[in-house]
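Note: the block below is upload32.cif and it holds mmCIF, C-alpha atoms, pLDDT in the B column; chains and numbers go by the auth columns.
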data_start
loop_
_atom_site.group_PDB
_atom_site.id
_atom_site.type_symbol
_atom_site.label_atom_id
_atom_site.label_comp_id
_atom_site.label_asym_id
_atom_site.label_seq_id
_atom_site.Cartn_x
_atom_site.Cartn_y
_atom_site.Cartn_z
_atom_site.B_iso_or_equiv
_atom_site.auth_seq_id
_atom_site.auth_asym_id
ATOM 1 C CA MET A 1 36.740 79.944 118.860 71.00 13 A
ATOM 2 C CA ILE A 2 38.129 82.964 120.713 78.00 14 A
ATOM 3 C CA ALA A 3 40.585 80.735 122.550 76.00 15 A
ATOM 4 C CA LEU A 4 41.783 79.248 119.253 75.00 16 A
ATOM 5 C CA LEU A 5 42.148 82.715 117.740 79.00 17 A
ATOM 6 C CA LYS A 6 44.247 83.864 120.712 80.00 18 A
ATOM 7 C CA LYS A 7 46.389 80.732 120.418 77.00 19 A
ATOM 8 C CA GLU A 8 47.028 81.313 116.707 76.00 20 A
ATOM 9 C CA LEU A 9 47.903 84.971 117.198 77.00 21 A
ATOM 10 C CA SER A 10 50.187 84.281 120.134 81.00 22 A
ATOM 11 C CA SER A 11 52.024 81.597 118.143 78.00 23 A
ATOM 12 C CA PHE A 12 52.685 84.110 115.357 75.00 24 A
ATOM 13 C CA PHE A 13 53.931 86.868 117.608 74.00 25 A
ATOM 14 C CA ALA A 14 55.856 84.497 119.836 75.00 26 A
ATOM 15 C CA SER A 15 58.232 83.974 116.911 74.00 27 A
ATOM 16 C CA LEU A 16 59.753 86.320 114.359 77.00 28 A
ATOM 17 C CA THR A 17 57.384 85.188 111.593 74.00 29 A
ATOM 18 C CA GLY A 18 54.582 87.683 112.185 74.00 30 A
ATOM 19 C CA TYR A 19 56.907 90.599 112.860 82.00 31 A
ATOM 20 C CA LEU A 20 59.133 89.774 109.889 84.00 32 A
ATOM 21 C CA ILE A 21 56.263 89.671 107.412 83.00 33 A
ATOM 22 C CA ILE A 22 54.872 92.998 108.649 85.00 34 A
ATOM 23 C CA ILE A 23 58.318 94.655 108.604 88.00 35 A
ATOM 24 C CA ILE A 24 59.056 93.408 105.064 88.00 36 A
ATOM 25 C CA PHE A 25 55.746 94.824 103.820 89.00 37 A
ATOM 26 C CA LEU A 26 56.335 98.227 105.424 88.00 38 A
ATOM 27 C CA ILE A 27 59.939 98.443 104.190 90.00 39 A
ATOM 28 C CA ILE A 28 58.990 97.643 100.583 89.00 40 A
ATOM 29 C CA ILE A 29 56.130 100.158 100.548 87.00 41 A
ATOM 30 C CA GLY A 30 58.260 102.786 102.277 85.00 42 A
ATOM 31 C CA LEU A 31 61.163 102.409 99.852 86.00 43 A
ATOM 32 C CA PHE A 32 58.974 102.752 96.773 85.00 44 A
ATOM 33 C CA THR A 33 56.975 105.625 98.273 79.00 45 A
ATOM 34 C CA TRP A 34 59.801 107.780 99.586 77.00 46 A
ATOM 35 C CA VAL A 35 63.218 106.493 98.460 80.00 47 A
ATOM 36 C CA PHE A 36 63.303 104.833 95.036 81.00 48 A
ATOM 37 C CA PRO A 37 62.963 107.430 92.259 79.00 49 A
ATOM 38 C CA GLY A 38 60.260 106.880 89.675 72.00 50 A
ATOM 39 C CA GLN A 39 56.522 106.891 89.134 75.00 51 A
ATOM 40 C CA PHE A 40 55.752 105.528 92.612 75.00 52 A
ATOM 41 C CA ASN A 41 57.813 108.093 94.534 76.00 53 A
ATOM 42 C CA LEU A 42 55.524 110.729 96.027 72.00 54 A
ATOM 43 C CA LEU A 43 58.221 113.392 96.008 68.00 55 A
ATOM 44 C CA ASP A 44 58.859 112.830 92.296 66.00 56 A
ATOM 45 C CA VAL A 45 55.194 112.689 91.286 68.00 57 A
ATOM 46 C CA GLY A 46 54.215 115.723 93.339 63.00 58 A
ATOM 47 C CA TYR A 47 50.569 114.741 93.868 67.00 59 A
ATOM 48 C CA SER A 48 48.855 114.537 97.248 64.00 60 A
ATOM 49 C CA ASN A 49 47.899 110.872 97.304 74.00 61 A
ATOM 50 C CA ILE A 50 49.162 107.527 98.546 80.00 62 A
ATOM 51 C CA ASP A 51 48.251 105.571 95.420 80.00 63 A
ATOM 52 C CA THR A 52 51.606 103.793 95.608 83.00 64 A
ATOM 53 C CA LEU A 53 50.365 101.862 98.640 86.00 65 A
ATOM 54 C CA PHE A 54 47.221 100.706 96.871 88.00 66 A
ATOM 55 C CA ILE A 55 48.949 99.893 93.584 87.00 67 A
ATOM 56 C CA LEU A 56 51.795 97.863 95.058 89.00 68 A
ATOM 57 C CA SER A 57 50.061 96.196 98.018 90.00 69 A
ATOM 58 C CA PRO A 58 48.001 93.702 95.969 90.00 70 A
ATOM 59 C CA TRP A 59 51.217 92.444 94.351 91.00 71 A
ATOM 60 C CA ILE A 60 53.177 92.341 97.601 91.00 72 A
ATOM 61 C CA PHE A 61 50.299 90.585 99.369 93.00 73 A
ATOM 62 C CA LEU A 62 50.388 87.948 96.616 92.00 74 A
ATOM 63 C CA PHE A 63 53.460 86.581 98.369 91.00 75 A
ATOM 64 C CA LEU A 64 53.184 87.824 101.944 91.00 76 A
ATOM 65 C CA VAL A 65 49.638 86.594 102.636 93.00 77 A
ATOM 66 C CA PRO A 66 50.318 83.005 101.434 93.00 78 A
ATOM 67 C CA ALA A 67 53.477 83.154 103.573 90.00 79 A
ATOM 68 C CA VAL A 68 51.248 83.910 106.574 88.00 80 A
ATOM 69 C CA THR A 69 48.561 81.334 105.811 91.00 81 A
ATOM 70 C CA MET A 70 50.748 78.459 104.599 90.00 82 A
ATOM 71 C CA ARG A 71 51.302 77.163 108.127 88.00 83 A
ATOM 72 C CA LEU A 72 47.816 77.684 109.558 88.00 84 A
ATOM 73 C CA ILE A 73 46.559 74.190 108.742 90.00 85 A
ATOM 74 C CA SER A 74 49.451 72.410 107.006 89.00 86 A
ATOM 75 C CA GLU A 75 51.636 72.627 110.115 85.00 87 A
ATOM 76 C CA GLU A 76 48.898 71.115 112.263 83.00 88 A
ATOM 77 C CA LYS A 77 48.438 68.330 109.732 84.00 89 A
ATOM 78 C CA LYS A 78 52.148 67.598 109.734 84.00 90 A
ATOM 79 C CA THR A 79 52.485 67.561 113.523 82.00 91 A
ATOM 80 C CA GLY A 80 49.237 65.618 114.029 78.00 92 A
ATOM 81 C CA THR A 81 47.635 68.288 116.200 77.00 93 A
ATOM 82 C CA LEU A 82 44.853 68.825 113.661 75.00 94 A
ATOM 83 C CA ASP A 83 43.291 65.453 114.513 72.00 95 A
ATOM 84 C CA ILE A 84 43.318 66.431 118.182 76.00 96 A
ATOM 85 C CA LEU A 85 41.813 69.820 117.367 74.00 97 A
ATOM 86 C CA LEU A 86 39.019 68.213 115.347 70.00 98 A
ATOM 87 C CA THR A 87 38.008 66.107 118.343 74.00 99 A
ATOM 88 C CA ARG A 88 37.511 69.188 120.509 76.00 100 A
ATOM 89 C CA PRO A 89 33.978 70.541 121.129 75.00 101 A
ATOM 90 C CA ILE A 90 34.317 73.155 118.397 80.00 102 A
ATOM 91 C CA SER A 91 32.840 72.974 114.918 85.00 103 A
ATOM 92 C CA ASP A 92 34.967 72.713 111.792 85.00 104 A
ATOM 93 C CA PHE A 93 33.598 76.061 110.646 88.00 105 A
ATOM 94 C CA LYS A 94 34.725 77.801 113.841 88.00 106 A
ATOM 95 C CA ILE A 95 38.191 76.264 113.471 88.00 107 A
ATOM 96 C CA VAL A 96 38.471 77.526 109.900 91.00 108 A
ATOM 97 C CA PHE A 97 37.010 80.937 110.727 92.00 109 A
ATOM 98 C CA ALA A 98 39.366 81.418 113.672 90.00 110 A
ATOM 99 C CA LYS A 99 42.340 80.701 111.413 91.00 111 A
ATOM 100 C CA PHE A 100 40.918 83.056 108.771 94.00 112 A
ATOM 101 C CA LEU A 101 40.592 85.826 111.358 93.00 113 A
ATOM 102 C CA THR A 102 44.210 85.221 112.383 90.00 114 A
ATOM 103 C CA GLY A 103 45.459 85.950 108.869 90.00 115 A
ATOM 104 C CA PHE A 104 43.102 88.903 108.493 93.00 116 A
ATOM 105 C CA PHE A 105 44.230 90.408 111.809 91.00 117 A
ATOM 106 C CA LEU A 106 47.869 90.271 110.709 89.00 118 A
ATOM 107 C CA VAL A 107 46.949 92.153 107.525 89.00 119 A
ATOM 108 C CA ILE A 108 45.241 94.853 109.607 91.00 120 A
ATOM 109 C CA VAL A 109 48.305 95.120 111.864 90.00 121 A
ATOM 110 C CA ALA A 110 50.482 95.520 108.758 88.00 122 A
ATOM 111 C CA LEU A 111 48.257 98.272 107.330 90.00 123 A
ATOM 112 C CA ILE A 112 47.816 100.353 110.492 91.00 124 A
ATOM 113 C CA PRO A 113 51.330 101.928 110.321 90.00 125 A
ATOM 114 C CA THR A 114 50.658 103.020 106.725 88.00 126 A
ATOM 115 C CA SER A 115 48.183 105.584 108.100 88.00 127 A
ATOM 116 C CA VAL A 116 51.310 107.654 108.803 86.00 128 A
ATOM 117 C CA TYR A 117 51.619 108.127 105.024 83.00 129 A
ATOM 118 C CA TYR A 118 48.100 109.569 104.862 84.00 130 A
ATOM 119 C CA PHE A 119 48.673 112.059 107.680 85.00 131 A
ATOM 120 C CA THR A 120 52.078 113.012 106.275 82.00 132 A
ATOM 121 C CA ILE A 121 50.596 113.836 102.873 81.00 133 A
ATOM 122 C CA TYR A 122 47.624 115.525 104.559 80.00 134 A
ATOM 123 C CA TYR A 123 49.883 118.021 106.336 80.00 135 A
ATOM 124 C CA LEU A 124 52.467 118.341 103.541 74.00 136 A
ATOM 125 C CA GLY A 125 49.805 119.074 100.942 69.00 137 A
ATOM 126 C CA ASN A 126 49.417 122.561 99.513 70.00 138 A
ATOM 127 C CA PRO A 127 47.035 123.630 100.929 73.00 139 A
ATOM 128 C CA VAL A 128 46.996 121.458 104.063 71.00 140 A
ATOM 129 C CA GLY A 129 44.441 118.676 103.708 68.00 141 A
ATOM 130 C CA ASN A 130 44.736 118.581 99.914 72.00 142 A
ATOM 131 C CA ILE A 131 44.108 114.851 99.654 78.00 143 A
ATOM 132 C CA ASP A 132 41.013 112.912 98.600 78.00 144 A
ATOM 133 C CA THR A 133 40.045 111.383 101.931 80.00 145 A
ATOM 134 C CA GLY A 134 37.014 109.568 100.482 80.00 146 A
ATOM 135 C CA ALA A 135 39.046 107.854 97.783 81.00 147 A
ATOM 136 C CA THR A 136 41.760 106.966 100.299 85.00 148 A
ATOM 137 C CA LEU A 137 39.225 105.420 102.677 86.00 149 A
ATOM 138 C CA GLY A 138 37.662 103.497 99.785 85.00 150 A
ATOM 139 C CA SER A 139 41.080 102.238 98.753 87.00 151 A
ATOM 140 C CA TYR A 140 41.765 101.009 102.281 90.00 152 A
ATOM 141 C CA ILE A 141 38.427 99.205 102.362 90.00 153 A
ATOM 142 C CA GLY A 142 39.142 97.655 98.968 89.00 154 A
ATOM 143 C CA LEU A 143 42.611 96.578 100.104 91.00 155 A
ATOM 144 C CA LEU A 144 41.168 94.914 103.202 93.00 156 A
ATOM 145 C CA PHE A 145 38.640 93.018 101.102 93.00 157 A
ATOM 146 C CA LEU A 146 41.336 91.995 98.629 93.00 158 A
ATOM 147 C CA ALA A 147 43.614 90.794 101.427 94.00 159 A
ATOM 148 C CA SER A 148 40.668 88.886 102.923 95.00 160 A
ATOM 149 C CA ILE A 149 40.262 86.961 99.685 96.00 161 A
ATOM 150 C CA TYR A 150 43.989 86.230 99.663 96.00 162 A
ATOM 151 C CA VAL A 151 43.731 84.958 103.252 96.00 163 A
ATOM 152 C CA SER A 152 40.783 82.687 102.435 96.00 164 A
ATOM 153 C CA ILE A 153 42.600 81.338 99.351 96.00 165 A
ATOM 154 C CA GLY A 154 45.833 80.820 101.290 95.00 166 A
ATOM 155 C CA LEU A 155 43.940 79.052 104.074 95.00 167 A
ATOM 156 C CA TYR A 156 42.358 76.692 101.552 96.00 168 A
ATOM 157 C CA ALA A 157 45.783 75.991 100.032 95.00 169 A
ATOM 158 C CA SER A 158 47.108 75.227 103.521 94.00 170 A
ATOM 159 C CA SER A 159 44.354 72.645 104.012 92.00 171 A
ATOM 160 C CA LEU A 160 45.384 70.740 100.879 92.00 172 A
ATOM 161 C CA THR A 161 48.816 69.611 102.052 91.00 173 A
ATOM 162 C CA ASP A 162 51.022 69.148 105.090 89.00 174 A
ATOM 163 C CA ASN A 163 53.951 70.789 103.260 92.00 175 A
ATOM 164 C CA GLN A 164 54.135 74.518 103.949 92.00 176 A
ATOM 165 C CA ILE A 165 56.175 75.299 100.826 93.00 177 A
ATOM 166 C CA ILE A 166 53.633 73.567 98.592 95.00 178 A
ATOM 167 C CA ALA A 167 50.825 75.364 100.432 94.00 179 A
ATOM 168 C CA PHE A 168 52.599 78.686 99.824 94.00 180 A
ATOM 169 C CA LEU A 169 53.028 77.978 96.099 95.00 181 A
ATOM 170 C CA ILE A 170 49.415 76.865 95.635 95.00 182 A
ATOM 171 C CA GLY A 171 48.157 79.901 97.543 95.00 183 A
ATOM 172 C CA ALA A 172 50.342 82.344 95.602 95.00 184 A
ATOM 173 C CA VAL A 173 49.321 80.861 92.229 95.00 185 A
ATOM 174 C CA LEU A 174 45.601 80.930 93.074 95.00 186 A
ATOM 175 C CA CYS A 175 45.847 84.519 94.335 94.00 187 A
ATOM 176 C CA PHE A 176 47.675 85.507 91.143 94.00 188 A
ATOM 177 C CA ILE A 177 44.984 83.876 88.996 93.00 189 A
ATOM 178 C CA PHE A 178 42.193 85.692 90.802 92.00 190 A
ATOM 179 C CA PHE A 179 43.968 89.044 90.742 92.00 191 A
ATOM 180 C CA PHE A 180 45.568 89.032 87.292 90.00 192 A
ATOM 181 C CA GLY A 181 44.548 85.836 85.493 91.00 193 A
ATOM 182 C CA PHE A 182 40.971 86.773 84.662 89.00 194 A
ATOM 183 C CA ASP A 183 42.096 90.149 83.287 88.00 195 A
ATOM 184 C CA ALA A 184 44.666 88.406 81.087 89.00 196 A
ATOM 185 C CA ILE A 185 42.071 85.946 79.774 90.00 197 A
ATOM 186 C CA GLY A 186 39.467 88.659 79.218 87.00 198 A
ATOM 187 C CA SER A 187 41.919 90.718 77.150 87.00 199 A
ATOM 188 C CA LEU A 188 42.347 87.902 74.627 86.00 200 A
ATOM 189 C CA PRO A 189 40.596 88.541 71.280 85.00 201 A
ATOM 190 C CA LEU A 190 38.976 85.096 71.524 81.00 202 A
ATOM 191 C CA PHE A 191 36.909 86.220 74.501 83.00 203 A
ATOM 192 C CA SER A 192 36.181 89.780 73.379 82.00 204 A
ATOM 193 C CA SER A 193 32.422 89.160 73.331 85.00 205 A
ATOM 194 C CA ILE A 194 32.350 88.136 76.999 87.00 206 A
ATOM 195 C CA SER A 195 35.357 90.108 78.216 86.00 207 A
ATOM 196 C CA SER A 196 33.268 92.180 80.650 87.00 208 A
ATOM 197 C CA LEU A 197 31.956 89.030 82.317 89.00 209 A
ATOM 198 C CA ILE A 198 35.443 87.546 82.622 89.00 210 A
ATOM 199 C CA TYR A 199 36.863 90.782 84.057 90.00 211 A
ATOM 200 C CA ASN A 200 34.159 90.776 86.723 89.00 212 A
ATOM 201 C CA LEU A 201 35.142 87.274 87.811 89.00 213 A
ATOM 202 C CA GLY A 202 38.552 88.581 88.880 91.00 214 A
ATOM 203 C CA ILE A 203 39.511 90.635 91.915 91.00 215 A
ATOM 204 C CA SER A 204 41.190 93.475 90.042 89.00 216 A
ATOM 205 C CA GLU A 205 38.047 94.918 88.457 87.00 217 A
ATOM 206 C CA HIS A 206 36.220 95.111 91.792 90.00 218 A
ATOM 207 C CA TYR A 207 39.289 96.358 93.637 90.00 219 A
ATOM 208 C CA LYS A 208 39.717 99.220 91.142 86.00 220 A
ATOM 209 C CA SER A 209 36.039 100.058 91.440 86.00 221 A
ATOM 210 C CA ILE A 210 35.953 100.286 95.224 85.00 222 A
ATOM 211 C CA SER A 211 39.326 102.115 95.283 79.00 223 A
ATOM 212 C CA ARG A 212 37.699 105.061 93.529 76.00 224 A
ATOM 213 C CA GLY A 213 35.906 105.811 96.782 71.00 225 A
ATOM 214 C CA VAL A 214 32.501 104.546 95.688 75.00 226 A
ATOM 215 C CA ILE A 215 31.223 101.648 97.800 77.00 227 A
ATOM 216 C CA ASP A 216 29.188 99.598 95.318 82.00 228 A
ATOM 217 C CA SER A 217 27.072 96.762 96.720 87.00 229 A
ATOM 218 C CA ARG A 218 28.052 94.577 93.738 89.00 230 A
ATOM 219 C CA ASP A 219 31.704 94.809 94.733 90.00 231 A
ATOM 220 C CA ILE A 220 30.907 94.024 98.371 92.00 232 A
ATOM 221 C CA VAL A 221 28.825 90.997 97.345 94.00 233 A
ATOM 222 C CA TYR A 222 31.652 89.766 95.104 94.00 234 A
ATOM 223 C CA PHE A 223 34.300 89.993 97.829 94.00 235 A
ATOM 224 C CA ILE A 224 32.119 88.363 100.484 95.00 236 A
ATOM 225 C CA SER A 225 31.064 85.600 98.062 95.00 237 A
ATOM 226 C CA ILE A 226 34.631 84.640 97.111 95.00 238 A
ATOM 227 C CA ILE A 227 35.716 84.686 100.758 96.00 239 A
ATOM 228 C CA ALA A 228 32.733 82.526 101.739 96.00 240 A
ATOM 229 C CA ILE A 229 33.409 80.050 98.914 96.00 241 A
ATOM 230 C CA PHE A 230 37.017 79.444 99.940 96.00 242 A
ATOM 231 C CA ILE A 231 36.148 79.249 103.644 96.00 243 A
ATOM 232 C CA LEU A 232 33.498 76.664 102.754 96.00 244 A
ATOM 233 C CA LEU A 233 35.992 74.744 100.609 95.00 245 A
ATOM 234 C CA THR A 234 38.465 74.727 103.492 94.00 246 A
ATOM 235 C CA LYS A 235 35.792 73.575 105.933 92.00 247 A
ATOM 236 C CA THR A 236 34.760 70.811 103.519 92.00 248 A
ATOM 237 C CA LYS A 237 38.382 69.705 103.174 90.00 249 A
ATOM 238 C CA LEU A 238 38.744 69.475 106.962 85.00 250 A
ATOM 239 C CA SER A 239 35.461 67.619 107.308 81.00 251 A
ATOM 240 C CA SER A 240 36.541 65.086 104.673 78.00 252 A
ATOM 241 C CA ARG A 241 39.102 63.717 107.139 67.00 253 A
ATOM 242 C CA LYS A 242 36.190 62.438 109.222 61.00 254 A
ATOM 243 C CA TRP A 243 34.711 60.563 106.272 55.00 255 A
ATOM 244 C CA LYS A 244 37.687 58.230 105.908 53.00 256 A
#
File written out as structure tokens:
Amino acid sequence: MIALLKKELSSFFASLTGYLIIIIFLIIIGLFTWVFPGQFNLLDVGYSNIDTLFILSPWIFLFLVPAVTMRLISEEKKTGTLDILLTRPISDFKIVFAKFLTGFFLVIVALIPTSVYYFTIYYLGNPVGNIDTGATLGSYIGLLFLASIYVSIGLYASSLTDNQIIAFLIGAVLCFIFFFGFDAIGSLPLFSSISSLIYNLGISEHYKSISRGVIDSRDIVYFISIIAIFILLTKTKLSSRKWK
């Protein structure tokens, strides 16, 4: 599995794809945080926080993460290398998990440079250090969990087709449904009696909860469960090729 993970990572960074996605993410966040005037600009708001990163990232990741994952399996299906990979002495689960870790690692690489924002605000604050470190750490943890769900969803979408564009669209739509769709449904008057239940089925409610700096076991269980479900669905989809 380690060898497959190294192969996937090297293929990303051997081309411009991995670098381009990371650079686009950092540029967008940087522009809204420091350049574009408005409610997201730290200099305009005047508060010692980096909430802009945690507010915008889920929406940016809606597109960037499926762009990363769309090729993970669909490209191998198109080129025929997936059949060769499935004959190797490695389980379907390890194949899927290695590809999941590839997407997750790229998200981590994209987020590491954003720590500069934290230290900048830390030292620019009045007084120095006037920033809620606990809430910031919780927000980072929540963002990593959220991105992990996006990666698992995007990976599943990639297993459904050998067309990367279709895989991207399916992944983006599913991520949007899980992040925003359940909130939209729960806000409808028709479902007012069970709105709390519907909200808790979506990512947003749990992401907001953990971003407050309180690590609730219910949120952790939710994130891990959704990730596990989509990894299992992807593994089942791969295994189905052997049943034909």
### Message
Quick one: residues within 7 Å of Ile85 of chain A, only C-alpha atoms, excluding same-chain residues fewer than 4 positions away - as a ChimeraX atom specification?
### Response
/A:89,170-171
### Task
Could you check which of A:Leu94, A:Pro101, A:Leu118, A:Thr126 is closest to Leu38 of chain A, using all atoms listed in the file?
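Smallest distance to Leu38 of chain A is found for A:Thr126.
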### Query
When the PyMOL selection byres ((chain A and resi 151) around 10) is applied to the file above, which residues end up in the set, as a list in words?
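Output from the PyMOL selection byres ((chain A and resi 151) around 10), applied to this file: Ile62, Asp63, Leu65, Phe66, Ile67, Thr145, Gly146, Ala147, Thr148, Leu149, Gly150, Tyr152, Ile153, Gly154, Leu155, Leu156, Phe157, Tyr219, Lys220, Ser221, Ile222, Ser223, Arg224, Gly225, Val226 and Ile227 of chain A.
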### Query
Given the choices A:Leu84, A:Ala159, A:Tyr130, A:Phe52, which gets closest to Asn142 of chain A if the distance is worked out from all atoms listed in the file?
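Using all atoms listed in the file, the shortest distance to Asn142 of chain A belongs to A:Tyr130.
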### Task
Quick one: everything within 6 Å of segment 188-197 of chain A, counting all atoms listed in the file, minus sequence neighbours fewer than 4 positions away in the same chain. Send it as JSON, numbers by chain.
{"A": [210, 211, 214, 215, 216]}
Please produce a file of the residues just selected, as a tab-separated table (two decimals), in the coordinates of the input, where the atoms kept are C-alpha atoms.
chain	number	residue	atom	x	y	z
A	210	ILE	CA	35.44	87.55	82.62
A	211	TYR	CA	36.86	90.78	84.06
A	214	GLY	CA	38.55	88.58	88.88
A	215	ILE	CA	39.51	90.64	91.92
A	216	SER	CA	41.19	93.48	90.04
Need the shell around Leu76 of chain A: protein/DNA/RNA residues with any atom at most 10 Å away, counting only C-alpha atoms. Skip same-chain ones fewer than 4 positions apart. Format as a PDB file with C-alpha atoms, in the frame of the given file?
ATOM      1  CA  ILE A  33      56.263  89.671 107.412  1.00 83.00           C
ATOM      2  CA  ILE A  34      54.872  92.998 108.649  1.00 85.00           C
ATOM      3  CA  ILE A  36      59.056  93.408 105.064  1.00 88.00           C
ATOM      4  CA  PHE A  37      55.746  94.824 103.820  1.00 89.00           C
ATOM      5  CA  SER A  69      50.061  96.196  98.018  1.00 90.00           C
ATOM      6  CA  PRO A  70      48.001  93.702  95.969  1.00 90.00           C
ATOM      7  CA  TRP A  71      51.217  92.444  94.351  1.00 91.00           C
ATOM      8  CA  ILE A  72      53.177  92.341  97.601  1.00 91.00           C
ATOM      9  CA  VAL A  80      51.248  83.910 106.574  1.00 88.00           C
ATOM     10  CA  THR A  81      48.561  81.334 105.811  1.00 91.00           C
ATOM     11  CA  VAL A 119      46.949  92.153 107.525  1.00 89.00           C
ATOM     12  CA  TYR A 162      43.989  86.230  99.663  1.00 96.00           C
ATOM     13  CA  VAL A 163      43.731  84.958 103.252  1.00 96.00           C
ATOM     14  CA  PHE A 180      52.599  78.686  99.824  1.00 94.00           C
ATOM     15  CA  ALA A 184      50.342  82.344  95.602  1.00 95.00           C
TER      16      ALA A 184
END
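Atom to atom, atom CA of Ala15 of chain A and atom CA of Lys106 of chain A stand 10.9 Å apart.
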### Message
Taking all atoms listed in the file into account, name the residue in A:Tyr31, A:Tyr134, A:Tyr168, A:Phe203 that is nearest to Thr248 of chain A.
### Response
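That would be A:Tyr168, the residue with the smallest distance to Thr248 of chain A.
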### Query
Using all atoms listed in the file, which of the listed residues (A:Ser23, A:Asp174, A:Ser160, A:Gly115) sits closest to Gly92 of chain A?
A:Asp174
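Straight-line separation from atom CA of Leu68 of chain A to atom CA of Ile41 of chain A: 7.4 Å.
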